[in-house]
file target-v4.cif (mmCIF, C-alpha atoms and all ligand atoms)
data_model
loop_
_atom_site.label_atom_id
_atom_site.label_comp_id
_atom_site.auth_asym_id
_atom_site.auth_seq_id
_atom_site.Cartn_x
_atom_site.Cartn_y
_atom_site.Cartn_z
CA MET O 1 29.62 -34.11 46.87
CA LYS O 2 28.98 -32.99 43.34
CA GLN O 3 31.41 -34.52 40.85
CA TRP O 4 32.78 -31.16 39.59
CA LEU O 5 33.47 -30.03 43.15
CA LYS O 6 35.38 -33.24 43.90
CA ILE O 7 37.55 -32.74 40.83
CA GLY O 8 38.14 -29.13 41.76
CA LEU O 9 39.21 -30.04 45.28
CA ALA O 10 41.41 -32.86 44.06
CA SER O 11 43.29 -30.62 41.68
CA LEU O 12 43.68 -27.94 44.34
CA LEU O 13 45.26 -30.54 46.61
CA CYS O 14 47.46 -31.67 43.77
CA VAL O 15 48.73 -28.15 43.22
CA GLY O 16 49.49 -27.83 46.90
CA LEU O 17 51.28 -31.14 47.13
CA LEU O 18 52.95 -31.16 43.78
CA THR O 19 56.34 -30.42 45.20
CA THR O 20 56.27 -33.38 47.57
CA VAL O 21 53.94 -35.94 46.03
CA ALA O 22 54.70 -37.43 42.67
CA GLY O 23 52.01 -38.77 40.37
CA CYS O 24 49.09 -36.52 41.31
CA GLY O 25 46.38 -36.97 38.68
CA SER O 26 47.77 -36.77 35.19
CA GLN O 27 50.10 -33.87 35.94
CA PRO O 28 53.46 -34.56 34.32
CA THR O 29 56.05 -35.09 37.02
CA GLN O 30 59.78 -34.91 36.70
CA SER O 31 61.15 -38.26 35.65
CA ALA O 32 63.81 -39.69 37.91
CA LYS O 33 65.64 -41.09 34.90
CA GLU O 34 66.23 -37.63 33.43
CA PRO O 35 67.20 -35.23 36.18
CA SER O 36 66.88 -31.65 34.93
CA LYS O 37 70.21 -30.04 34.20
CA ASN O 38 71.65 -27.60 36.62
CA VAL O 39 71.19 -24.01 35.37
CA LEU O 40 74.01 -21.59 36.01
CA ARG O 41 73.28 -17.88 35.70
CA VAL O 42 76.23 -15.96 34.29
CA ALA O 43 76.48 -12.15 34.29
CA SER O 44 78.05 -10.37 31.33
CA ASP O 45 78.09 -6.76 30.20
CA ALA O 46 77.01 -7.41 26.61
CA ALA O 47 78.46 -4.27 25.02
CA TYR O 48 82.01 -5.46 24.62
CA ALA O 49 82.57 -7.02 21.23
CA PRO O 50 84.24 -9.33 20.37
CA PHE O 51 83.86 -10.80 23.87
CA GLU O 52 80.14 -10.21 24.42
CA TRP O 53 77.60 -8.17 22.53
CA LYS O 54 74.05 -8.25 21.24
CA ASN O 55 73.70 -9.22 17.59
CA ASP O 56 71.00 -7.88 15.24
CA LYS O 57 68.56 -10.45 16.56
CA GLY O 58 69.17 -9.30 20.13
CA GLU O 59 71.02 -12.50 21.04
CA ILE O 60 74.05 -12.21 23.27
CA VAL O 61 77.02 -13.65 21.40
CA GLY O 62 80.81 -13.56 21.41
CA PHE O 63 84.03 -15.17 22.55
CA ASP O 64 83.06 -15.28 26.23
CA ILE O 65 79.61 -16.63 25.43
CA ASP O 66 80.96 -19.52 23.33
CA LEU O 67 83.57 -20.17 26.00
CA ILE O 68 81.16 -20.31 28.93
CA LYS O 69 78.67 -22.45 26.99
CA GLU O 70 81.46 -24.91 26.30
CA VAL O 71 82.36 -24.87 30.00
CA GLY O 72 78.66 -25.54 30.67
CA LYS O 73 78.77 -28.62 28.42
CA GLU O 74 81.86 -29.90 30.24
CA ILE O 75 80.28 -29.52 33.66
CA ASN O 76 76.80 -30.62 32.58
CA ALA O 77 75.06 -27.31 33.27
CA ASP O 78 72.83 -25.07 31.18
CA ILE O 79 74.13 -21.54 30.93
CA GLU O 80 71.81 -18.56 31.20
CA ILE O 81 73.45 -15.24 30.33
CA VAL O 82 72.27 -12.24 32.36
CA ASP O 83 73.11 -8.91 30.72
CA THR O 84 74.47 -6.76 33.57
CA PRO O 85 76.10 -3.30 33.60
CA PHE O 86 79.81 -3.70 34.26
CA ASP O 87 79.89 -1.34 37.24
CA GLY O 88 77.33 -3.50 39.06
CA ILE O 89 78.57 -6.89 37.94
CA ILE O 90 80.72 -7.76 40.98
CA SER O 91 77.97 -6.89 43.44
CA SER O 92 75.47 -8.87 41.38
CA LEU O 93 77.68 -11.93 41.93
CA ALA O 94 78.38 -11.12 45.57
CA ASN O 95 74.62 -10.73 46.18
CA LYS O 96 74.06 -14.14 44.58
CA ASN O 97 71.87 -12.84 41.76
CA VAL O 98 74.15 -14.85 39.48
CA ASP O 99 76.52 -17.80 39.88
CA MET O 100 79.39 -16.54 37.74
CA ILE O 101 80.71 -13.60 35.73
CA ILE O 102 82.25 -13.84 32.30
CA SER O 103 82.83 -10.35 30.99
CA ALA O 104 86.40 -9.98 29.72
CA MET O 105 87.14 -9.38 33.37
CA THR O 106 90.73 -8.89 34.41
CA ILE O 107 91.87 -10.87 37.43
CA ASN O 108 93.22 -8.47 40.05
CA ASP O 109 93.73 -8.22 43.81
CA LYS O 110 91.06 -5.59 44.34
CA ARG O 111 88.39 -7.85 42.83
CA LYS O 112 89.77 -10.92 44.61
CA GLN O 113 88.66 -9.34 47.87
CA THR O 114 85.04 -9.85 46.79
CA VAL O 115 85.05 -12.75 44.32
CA ASP O 116 87.16 -15.76 43.37
CA PHE O 117 88.52 -16.30 39.86
CA SER O 118 89.16 -19.25 37.61
CA ASN O 119 92.56 -19.69 36.05
CA PRO O 120 93.17 -17.18 33.21
CA TYR O 121 91.62 -17.90 29.82
CA PHE O 122 92.82 -14.88 27.84
CA VAL O 123 95.67 -12.35 27.93
CA ALA O 124 95.00 -8.74 27.00
CA VAL O 125 96.53 -5.31 27.38
CA GLN O 126 95.21 -1.75 27.45
CA SER O 127 95.40 0.44 24.37
CA ILE O 128 94.62 4.04 23.50
CA ALA O 129 92.10 5.11 20.89
CA VAL O 130 92.54 8.58 19.38
CA LYS O 131 91.26 10.33 16.27
CA GLU O 132 93.33 9.82 13.14
CA GLY O 133 95.95 12.55 12.95
CA SER O 134 95.87 13.21 16.71
CA PRO O 135 99.12 14.66 18.10
CA ILE O 136 98.90 12.19 21.02
CA LYS O 137 101.49 9.43 20.69
CA THR O 138 102.01 7.99 24.18
CA PHE O 139 100.04 7.18 27.30
CA ALA O 140 102.02 9.74 29.36
CA GLU O 141 100.75 12.50 27.07
CA LEU O 142 97.20 11.85 28.23
CA LYS O 143 97.99 13.47 31.56
CA ASP O 144 96.45 16.83 30.63
CA LYS O 145 93.97 15.61 28.00
CA LYS O 146 90.28 14.80 28.17
CA VAL O 147 90.17 11.03 28.50
CA GLY O 148 87.21 8.66 28.38
CA VAL O 149 87.02 5.25 30.06
CA GLN O 150 84.36 2.69 30.89
CA ASN O 151 83.28 2.96 34.50
CA ALA O 152 84.74 0.34 36.90
CA THR O 153 87.22 -1.09 34.40
CA THR O 154 90.96 -1.56 34.60
CA GLY O 155 91.18 1.10 31.88
CA GLN O 156 89.75 3.50 34.43
CA ASP O 157 92.32 2.31 37.00
CA VAL O 158 95.34 3.04 34.78
CA VAL O 159 93.98 6.44 33.73
CA GLU O 160 93.23 7.41 37.34
CA LYS O 161 96.73 6.36 38.31
CA LEU O 162 98.18 8.64 35.63
CA MET O 163 95.87 11.63 36.04
CA GLY O 164 94.62 11.40 39.62
CA ALA O 165 91.25 9.85 40.49
CA LYS O 166 89.66 13.24 41.12
CA ASN O 167 90.87 14.77 37.86
CA PRO O 168 87.82 16.38 36.17
CA LYS O 169 89.30 15.62 32.75
CA ILE O 170 88.45 11.93 33.17
CA SER O 171 85.01 11.00 31.84
CA ARG O 172 83.53 7.67 32.89
CA PHE O 173 80.93 6.02 30.66
CA ASP O 174 78.63 3.05 31.20
CA THR O 175 79.96 1.18 28.20
CA THR O 176 83.13 1.20 26.12
CA PRO O 177 81.25 1.81 22.82
CA THR O 178 79.72 4.93 24.43
CA ALA O 179 83.19 6.15 25.37
CA LEU O 180 84.40 5.52 21.80
CA ASN O 181 81.39 7.37 20.38
CA MET O 182 82.27 10.33 22.62
CA LEU O 183 85.73 10.26 21.07
CA ILE O 184 84.18 10.34 17.59
CA ASN O 185 82.03 13.32 18.69
CA GLY O 186 85.08 15.11 20.04
CA ASP O 187 83.86 15.14 23.65
CA VAL O 188 87.06 13.39 24.73
CA GLU O 189 90.51 13.30 23.10
CA ALA O 190 91.34 9.68 23.86
CA VAL O 191 89.81 6.49 25.22
CA VAL O 192 91.72 3.83 27.14
CA ALA O 193 90.27 0.31 26.91
CA ASP O 194 91.24 -3.32 26.29
CA LYS O 195 93.08 -3.61 22.99
CA PRO O 196 91.00 -6.40 21.36
CA VAL O 197 87.86 -4.32 21.92
CA VAL O 198 89.34 -1.14 20.47
CA GLN O 199 90.71 -3.15 17.54
CA TYR O 200 87.33 -4.70 16.87
CA PHE O 201 85.56 -1.33 17.06
CA LEU O 202 88.04 0.26 14.63
CA LYS O 203 87.70 -2.61 12.20
CA ASN O 204 83.92 -2.43 12.24
CA ASN O 205 83.66 1.37 12.16
CA PRO O 206 86.18 2.39 9.48
CA SER O 207 84.32 5.65 8.82
CA ALA O 208 84.92 6.72 12.44
CA LYS O 209 88.56 7.39 11.49
CA LEU O 210 90.12 6.37 14.78
CA SER O 211 93.63 5.06 15.40
CA LEU O 212 94.93 2.68 18.03
CA LEU O 213 98.09 3.41 20.01
CA ASP O 214 100.04 0.77 21.91
CA ASP O 215 102.14 1.79 24.86
CA THR O 216 104.83 -0.34 26.48
CA SER O 217 103.95 0.97 29.92
CA PHE O 218 100.73 -1.07 30.00
CA GLU O 219 101.01 -4.29 31.96
CA THR O 220 99.46 -7.44 30.56
CA GLU O 221 96.12 -8.42 32.06
CA GLU O 222 94.53 -11.85 32.30
CA TYR O 223 90.81 -12.50 32.03
CA GLY O 224 89.16 -14.95 34.41
CA ILE O 225 85.70 -16.30 35.14
CA ALA O 226 84.54 -15.07 38.54
CA VAL O 227 82.59 -17.21 41.03
CA GLN O 228 81.21 -16.30 44.45
CA LYS O 229 83.86 -15.99 47.11
CA GLY O 230 84.40 -19.42 48.63
CA ASN O 231 82.61 -21.38 45.91
CA THR O 232 85.62 -23.61 45.46
CA GLU O 233 83.48 -26.43 44.10
CA LEU O 234 82.34 -24.44 41.06
CA GLN O 235 85.77 -22.82 40.71
CA LYS O 236 87.39 -26.26 40.48
CA LYS O 237 84.86 -27.54 37.96
CA VAL O 238 85.41 -24.45 35.79
CA ASN O 239 89.19 -24.78 36.04
CA ASP O 240 89.06 -28.45 35.05
CA ALA O 241 86.86 -27.57 32.07
CA LEU O 242 89.21 -24.73 31.03
CA ASP O 243 92.22 -27.05 31.34
CA LYS O 244 90.58 -29.56 29.07
CA MET O 245 89.58 -26.84 26.58
CA LYS O 246 93.14 -25.51 26.53
CA LYS O 247 94.48 -28.97 25.79
CA ASN O 248 91.92 -30.00 23.18
CA GLY O 249 92.23 -26.74 21.24
CA LYS O 250 88.70 -25.51 21.98
CA ILE O 251 89.85 -22.15 23.40
CA LYS O 252 92.09 -21.58 20.39
CA GLU O 253 89.19 -22.41 18.10
CA ILE O 254 86.92 -19.87 19.81
CA SER O 255 89.68 -17.27 19.79
CA ASP O 256 90.30 -17.76 16.06
CA LYS O 257 86.59 -17.29 15.43
CA TYR O 258 86.38 -13.87 17.13
CA MET O 259 89.73 -12.07 17.19
CA ALA O 260 89.99 -9.18 14.75
CA SER O 261 93.73 -9.57 14.30
CA LYS O 262 93.51 -12.81 12.36
N1 LIG H 1 89.25 -6.09 31.21
C1 LIG H 1 88.69 -4.89 31.73
C2 LIG H 1 88.41 -5.05 33.20
O1 LIG H 1 88.43 -6.11 33.70
C3 LIG H 1 87.46 -4.42 31.03
C4 LIG H 1 86.32 -5.39 31.02
C5 LIG H 1 85.03 -4.79 30.54
N2 LIG H 1 84.12 -5.82 30.18
C6 LIG H 1 82.88 -5.60 29.67
N3 LIG H 1 82.17 -6.61 29.28
N4 LIG H 1 82.45 -4.39 29.58
O2 LIG H 1 88.13 -4.09 33.90
#
call {"tool": "encode", "arguments": {"input": "target-v4.cif", "output": "structure tokens"}}
result
Amino acid sequence: MKQWLKIGLASLLCVGLLTTVAGCGSQPTQSAKEPSKNVLRVASDAAYAPFEWKNDKGEIVGFDIDLIKEVGKEINADIEIVDTPFDGIISSLANKNVDMIISAMTINDKRKQTVDFSNPYFVAVQSIAVKEGSPIKTFAELKDKKVGVQNATTGQDVVEKLMGAKNPKISRFDTTPTALNMLINGDVEAVVADKPVVQYFLKNNPSAKLSLLDDTSFETEEYGIAVQKGNTELQKKVNDALDKMKKNGKIKEISDKYMASK
């Protein structure tokens, strides 16, 4: 057989066997001493500053991103963030496109039917954004107003509870910044969303002239990291990492870095 043909055949065989046979030709093979790190794919809706957003360079950054990367270090896994629309994020996890969700996601019973959650890592509450000088002062007054929410959020849940899920005065948007921009445009009269996110938006868009209203009727919500239903192994690892990060001050450190109120 001609020499070039032999080489060609040998490398073809190598390609075919590469997964089972180590040391084919000079192909680099994975060294047993350095097993490659486990990669965990984590879905996040990266339009939710300060928890997750895309910076000027297009990198996904924020509180949740620092937090999950730190969890990754603790459990010896590389974290790959997958930008995912919030209204499809639970099904993306249920369909096993990703291993986890970190997306400022409130732990609640409805979601627990489809996914499992870590222990809480953050406490938040809803708030109302209105235009400066708006006559609206309380949540109850939204009942007959045009109200914007982000689709599939707990903000949507509380507004639907107040106004009725079929109420045509509720507008649902893909992202919270879109809802807030619709408020600036005057398309809606109020937006209901997680307080740290409204606070952050107001602080970074002073020319938008929006105000934030608190309301005592809002219940506190706790954010958790979601894993696939029944993945108790990963859930436990994440919980152990979070416990450690609560104790060693890491969560506080990340919170101090991102929260607008400080
Ligand atoms: N905490 C709210 C919820 O769980 C809103 C979360 C929205 N997160 C996001 N990244 N858009 O429904």
call {"tool": "residues_around", "arguments": {"input": "target-v4.cif", "residues": "Gln228 of chain O", "least_positions_apart": "4", "cutoff": "12 Å", "atoms": "all atoms listed in the file", "output": "number ranges by chain"}}
result
O: 41-43, 89-101, 111-118, 232-235
call {"tool": "closest_residue", "arguments": {"input": "target-v4.cif", "among": "O:Tyr258, O:Phe218, O:Phe63, O:Phe86", "to": "ligand LIG 1 (chain H)", "atoms": "only C-alpha atoms and all ligand atoms"}}
result
O:Phe86
call {"tool": "residues_near_ligand", "arguments": {"input": "target-v4.cif", "ligand": "ligand LIG 1 (chain H)", "cutoff": "7 Å", "atoms": "all atoms listed in the file", "output": "PyMOL selection string"}}
result
chain O and resi 44-48+52+86+103-107+152-155+175-176+193-194+223
call {"tool": "write_last_selection", "arguments": {"input": "target-v4.cif", "atoms": "C-alpha atoms", "output": "compact mmCIF listing (two decimals), in the coordinates of the input"}}
result
# COMPACT_ATOMS: atom_id res chain seq x y z
CA SER O 44 78.05 -10.37 31.33
CA ASP O 45 78.09 -6.76 30.20
CA ALA O 46 77.01 -7.41 26.61
CA ALA O 47 78.46 -4.27 25.02
CA TYR O 48 82.01 -5.46 24.62
CA GLU O 52 80.14 -10.21 24.42
CA PHE O 86 79.81 -3.70 34.26
CA SER O 103 82.83 -10.35 30.99
CA ALA O 104 86.40 -9.98 29.72
CA MET O 105 87.14 -9.38 33.37
CA THR O 106 90.73 -8.89 34.41
CA ILE O 107 91.87 -10.87 37.43
CA ALA O 152 84.74 0.34 36.90
CA THR O 153 87.22 -1.09 34.40
CA THR O 154 90.96 -1.56 34.60
CA GLY O 155 91.18 1.10 31.88
CA THR O 175 79.96 1.18 28.20
CA THR O 176 83.13 1.20 26.12
CA ALA O 193 90.27 0.31 26.91
CA ASP O 194 91.24 -3.32 26.29
CA TYR O 223 90.81 -12.50 32.03
call {"tool": "atom_distance", "arguments": {"input": "target-v4.cif", "atom1": "atom CA of Ile184 of chain O", "atom2": "atom CA of Val130 of chain O"}}
result
8.7 Å
call {"tool": "residues_around", "arguments": {"input": "target-v4.cif", "residues": "Ala77 of chain O", "least_positions_apart": "4", "cutoff": "12 Å", "atoms": "only C-alpha atoms", "output": "list in words"}}
result
Pro35, Ser36, Lys37, Asn38, Val39, Leu40, Arg41, Val42, Ile68, Lys69, Glu70, Val71, Gly72, Lys73, Asp99, Leu234, Lys237, Val238 and Ala241 of chain O
call {"tool": "atom_distance", "arguments": {"input": "target-v4.cif", "atom1": "atom CA of Asp174 of chain O", "atom2": "atom CA of Asp87 of chain O"}}
result
7.6 Å
call {"tool": "atom_distance", "arguments": {"input": "target-v4.cif", "atom1": "atom CA of Glu222 of chain O", "atom2": "atom CA of Gln126 of chain O"}}
result
11.2 Å
call {"tool": "closest_residue", "arguments": {"input": "target-v4.cif", "among": "O:Glu221, O:Asp243, O:Asp215, O:Glu160", "to": "Asp109 of chain O", "atoms": "all atoms listed in the file"}}
result
O:Glu221
call {"tool": "closest_residue", "arguments": {"input": "target-v4.cif", "among": "O:Lys137, O:Gly249, O:Asn167, O:Met259", "to": "Gln199 of chain O", "atoms": "only C-alpha atoms"}}
result
O:Met259
call {"tool": "residues_around", "arguments": {"input": "target-v4.cif", "residues": "Lys195 of chain O", "least_positions_apart": "6", "cutoff": "10 Å", "atoms": "all atoms listed in the file", "output": "VMD selection string"}}
result
chain O and resid 124 to 129 201 212 to 214
call {"tool": "residues_around", "arguments": {"input": "target-v4.cif", "residues": "Ile254 of chain O", "least_positions_apart": "2", "cutoff": "8 Å", "atoms": "only C-alpha atoms", "output": "count of residues only"}}
result
9
call {"tool": "residues_near_point", "arguments": {"input": "target-v4.cif", "point": "(90.6, 13.5, 29.0)", "cutoff": "12 Å", "atoms": "all atoms listed in the file", "output": "mmCIF file with C-alpha atoms, keeping the file's coordinate frame"}}
result
data_model
loop_
_atom_site.group_PDB
_atom_site.id
_atom_site.type_symbol
_atom_site.label_atom_id
_atom_site.label_comp_id
_atom_site.auth_asym_id
_atom_site.auth_seq_id
_atom_site.Cartn_x
_atom_site.Cartn_y
_atom_site.Cartn_z
ATOM 1 C CA ILE O 128 94.620 4.040 23.500
ATOM 2 C CA ALA O 129 92.100 5.110 20.890
ATOM 3 C CA VAL O 130 92.540 8.580 19.380
ATOM 4 C CA ILE O 136 98.900 12.190 21.020
ATOM 5 C CA PHE O 139 100.040 7.180 27.300
ATOM 6 C CA GLU O 141 100.750 12.500 27.070
ATOM 7 C CA LEU O 142 97.200 11.850 28.230
ATOM 8 C CA LYS O 143 97.990 13.470 31.560
ATOM 9 C CA ASP O 144 96.450 16.830 30.630
ATOM 10 C CA LYS O 145 93.970 15.610 28.000
ATOM 11 C CA LYS O 146 90.280 14.800 28.170
ATOM 12 C CA VAL O 147 90.170 11.030 28.500
ATOM 13 C CA GLY O 148 87.210 8.660 28.380
ATOM 14 C CA VAL O 149 87.020 5.250 30.060
ATOM 15 C CA GLN O 156 89.750 3.500 34.430
ATOM 16 C CA VAL O 159 93.980 6.440 33.730
ATOM 17 C CA GLU O 160 93.230 7.410 37.340
ATOM 18 C CA LEU O 162 98.180 8.640 35.630
ATOM 19 C CA MET O 163 95.870 11.630 36.040
ATOM 20 C CA GLY O 164 94.620 11.400 39.620
ATOM 21 C CA ASN O 167 90.870 14.770 37.860
ATOM 22 C CA PRO O 168 87.820 16.380 36.170
ATOM 23 C CA LYS O 169 89.300 15.620 32.750
ATOM 24 C CA ILE O 170 88.450 11.930 33.170
ATOM 25 C CA SER O 171 85.010 11.000 31.840
ATOM 26 C CA ARG O 172 83.530 7.670 32.890
ATOM 27 C CA ALA O 179 83.190 6.150 25.370
ATOM 28 C CA MET O 182 82.270 10.330 22.620
ATOM 29 C CA LEU O 183 85.730 10.260 21.070
ATOM 30 C CA GLY O 186 85.080 15.110 20.040
ATOM 31 C CA ASP O 187 83.860 15.140 23.650
ATOM 32 C CA VAL O 188 87.060 13.390 24.730
ATOM 33 C CA GLU O 189 90.510 13.300 23.100
ATOM 34 C CA ALA O 190 91.340 9.680 23.860
ATOM 35 C CA VAL O 191 89.810 6.490 25.220
ATOM 36 C CA VAL O 192 91.720 3.830 27.140
#
call {"tool": "closest_residue", "arguments": {"input": "target-v4.cif", "among": "O:Pro85, O:Gly62, O:Pro120, O:Asn185", "to": "Ile225 of chain O", "atoms": "all atoms listed in the file"}}
result
O:Pro120
